[in-house]
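Undergrad: Have a look at this one.
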Amino acid sequence: MLNPKEYSFDLPKHLIAQSPLKVRTDAKLLFYSEDQITDNIFHDLPDILDSNTLLVFNDTLVRNSRYVFDYNGSISEIFFIKSTDINVYEVFLRKSSKFKIGNSYSTPDFDFEVISKKGNISLINVKCNDISQILEAKGLVPLPPYIKVENPNEFKERYQTVYANKGESVAAPTAGLHFDKKLLDQLLHLGIEFAFVNLTVGLGTFAPLTDENINTSKLHSESYDITQINTDILNQAKLDGKKIISVGTTTLRCLQSCFDFNIQKFVAQKSSTDIFLYPPFNNFVVDGLITNFHLPESSLFMLICAFVGTDNAKKIYNHAIKHEYRFYSFGDACLFLR
């Protein structure tokens, strides 16, 4: 039986990054390869990688998903999680008990009806032509709950990758936040190839593990799309013996899910994944991973333990803590090569 306590470590609170650095590429980069740890800066990446490399990015777009409004003299909030039908959304309602099933309510910009409730999640029917325009104009960036800032939109531009393309993610694929256009151009100039997936990052990425996760060996489900053009790039890289490096754990979840182990190829598809990667799993379809530093006892730290080995992962994280690396979404990065 999986025991999350085996993946615990002590993380000083002051290492939890509360804001991004002024320059994206100035983050620290811990590089682990062949049992060696070296300390670098993210803009050193062109000196570490060679032209025999394919980087794979998640080009999902983070939307403004928090709508705050005054209801009967008190602050309420609708956190839009995902659309389930035309004008129907799964949401978190702050002070949910005030909003009754079957009743309609007004905000300054739209009306909504509560259809149903299940646990902390409500299903609402939004009565407006285009909620996305309202959220873009008046919504708030869905920063993680451990980032304490008075105005989340202060970090709106920095909680989006520079290559974000489309999607309705409610959390950023944070490993990609360290890249700027100058660095991407430098990598392309070196002959490094790029491929892209599009996985919609959900709130489950912040959720603690549940008994259901442990008993079923499955995580929250996230939808993804990988095109034929990108699977062709990936499969050719495999044939050419290139190092395939996943930028982020969301990208890795997608790549593991769209790889057909019977034919040993990546397959273009629109689907969803609830894959849960933890030791002793070792059948990875990539050669490297760029990621941020994750929470103790989390599914993401367990993924790292599977990727490099639990003892190695703990050694790497102890090094990061000793050397004052910054953790979580606005924190520093690491590059693992297998």
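In the structure tokens, each chain is lettered A, B, ... as it comes, each chain's residues begin at 1, and ligands are numbered from 1 in order of appearance.
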Which of stretch 7-197 of chain A end up as alpha helix (DSSP H) when DSSP is run on this backbone - answer as a ChimeraX atom specification?
TA: /A:45-48,131-138,181-189
Undergrad: I need the chosen residues saved as a tab-separated table (two decimals), in the first residue's frame, with N, CA and C atoms.
TA:
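Result file follows (result-v4.tsv):
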```tsv
chain	number	residue	atom	x	y	z
A	45	LEU	N	20.84	27.24	-19.41
A	45	LEU	CA	20.31	26.04	-20.08
A	45	LEU	C	20.98	25.77	-21.43
A	46	PRO	N	21.24	26.79	-22.27
A	46	PRO	CA	21.91	26.50	-23.55
A	46	PRO	C	23.31	25.91	-23.39
A	47	ASP	N	23.95	26.14	-22.24
A	47	ASP	CA	25.28	25.56	-21.99
A	47	ASP	C	25.19	24.12	-21.49
A	48	ILE	N	24.01	23.72	-21.04
A	48	ILE	CA	23.83	22.38	-20.50
A	48	ILE	C	23.30	21.41	-21.56
A	131	ILE	N	-19.22	34.49	-20.81
A	131	ILE	CA	-18.61	34.66	-19.50
A	131	ILE	C	-17.11	34.86	-19.62
A	132	SER	N	-16.49	34.32	-20.67
A	132	SER	CA	-15.04	34.43	-20.82
A	132	SER	C	-14.61	35.89	-20.97
A	133	GLN	N	-15.41	36.69	-21.67
A	133	GLN	CA	-15.09	38.12	-21.81
A	133	GLN	C	-15.18	38.84	-20.47
A	134	ILE	N	-16.18	38.48	-19.68
A	134	ILE	CA	-16.33	39.10	-18.35
A	134	ILE	C	-15.16	38.72	-17.46
A	135	LEU	N	-14.77	37.44	-17.48
A	135	LEU	CA	-13.66	36.99	-16.64
A	135	LEU	C	-12.35	37.62	-17.09
A	136	GLU	N	-12.17	37.78	-18.39
A	136	GLU	CA	-10.94	38.40	-18.88
A	136	GLU	C	-10.85	39.85	-18.42
A	137	ALA	N	-11.99	40.53	-18.41
A	137	ALA	CA	-12.00	41.95	-18.05
A	137	ALA	C	-12.02	42.18	-16.54
A	138	LYS	N	-12.73	41.33	-15.80
A	138	LYS	CA	-12.95	41.61	-14.39
A	138	LYS	C	-12.56	40.47	-13.44
A	181	LYS	N	11.32	34.68	-24.34
A	181	LYS	CA	11.48	34.55	-25.79
A	181	LYS	C	12.95	34.54	-26.19
A	182	LYS	N	13.77	35.31	-25.49
A	182	LYS	CA	15.20	35.33	-25.81
A	182	LYS	C	15.83	33.96	-25.60
A	183	LEU	N	15.51	33.32	-24.48
A	183	LEU	CA	16.06	31.99	-24.20
A	183	LEU	C	15.56	30.97	-25.22
A	184	LEU	N	14.28	31.03	-25.56
A	184	LEU	CA	13.74	30.10	-26.55
A	184	LEU	C	14.46	30.26	-27.89
A	185	ASP	N	14.72	31.51	-28.28
A	185	ASP	CA	15.44	31.75	-29.53
A	185	ASP	C	16.87	31.21	-29.45
A	186	GLN	N	17.52	31.35	-28.31
A	186	GLN	CA	18.87	30.81	-28.15
A	186	GLN	C	18.88	29.30	-28.31
A	187	LEU	N	17.90	28.64	-27.72
A	187	LEU	CA	17.82	27.18	-27.80
A	187	LEU	C	17.56	26.72	-29.23
A	188	LEU	N	16.67	27.42	-29.94
A	188	LEU	CA	16.42	27.08	-31.34
A	188	LEU	C	17.66	27.29	-32.18
A	189	HIS	N	18.40	28.35	-31.91
A	189	HIS	CA	19.62	28.66	-32.65
A	189	HIS	C	20.66	27.56	-32.47
```
Undergrad: Name the residues in contact with A:Asn230 at a cut-off of 9 Å, using only C-alpha atoms, excluding same-chain residues fewer than 6 positions from it; report them as a ChimeraX atom specification.
TA: /A:194-197,268
Undergrad: Measure the distance from atom CA of A:Asn235 to atom CA of A:Leu289 in Å and round it to one decimal.
TA: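 Pair atom CA of A:Asn235 / atom CA of A:Leu289 returns 17.8 Å.
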Undergrad: Taking only C-alpha atoms into account, which of A:Lys148, A:Lys265, A:Lys98, A:Arg63 comes nearest A:Ser169?
TA: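 The shortest atom-to-atom distance to A:Ser169 comes from A:Arg63.
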Undergrad: Under the rule that only C-alpha atoms are counted, which of A:Phe301, A:Phe330, A:Phe281, A:Phe92 is the nearest residue to A:Ala172?
TA: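 Closest to A:Ala172 of all the choices is A:Phe330.
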Undergrad: Can you work out the spacing between atom CA of A:Ser19 and atom CA of A:Glu168 in Å, to one decimal?
TA: 22.7 Å
Undergrad: Find the residues near A:Val149: any atom within 12 Å, counting only C-alpha atoms, skip ones fewer than 6 places away on the same chain, and give them as a ChimeraX atom specification.
TA: /A:17-20,140-143,155-156
Undergrad: Write the selection just made, keeping C-alpha atoms, as a compact mmCIF listing (two decimals), in the first residue's frame?
TA:
```txt
# COMPACT_ATOMS: atom_id res chain seq x y z
CA ALA A 17 8.27 31.79 -3.11
CA GLN A 18 5.63 34.50 -2.78
CA SER A 19 6.47 36.40 -5.96
CA PRO A 20 8.32 35.87 -9.24
CA LEU A 140 -8.73 37.45 -11.03
CA VAL A 141 -5.75 35.24 -11.79
CA PRO A 142 -6.07 31.87 -9.97
CA LEU A 143 -2.81 32.06 -8.04
CA PHE A 155 1.25 38.74 -11.31
CA LYS A 156 -1.09 38.10 -14.24
```
Undergrad: Within 7 Å of A:Ser271, counting only C-alpha atoms, which residues qualify if same-chain residues fewer than 2 places away don't, as a PyMOL selection string?
TA: chain A and resi 223-225+269+273
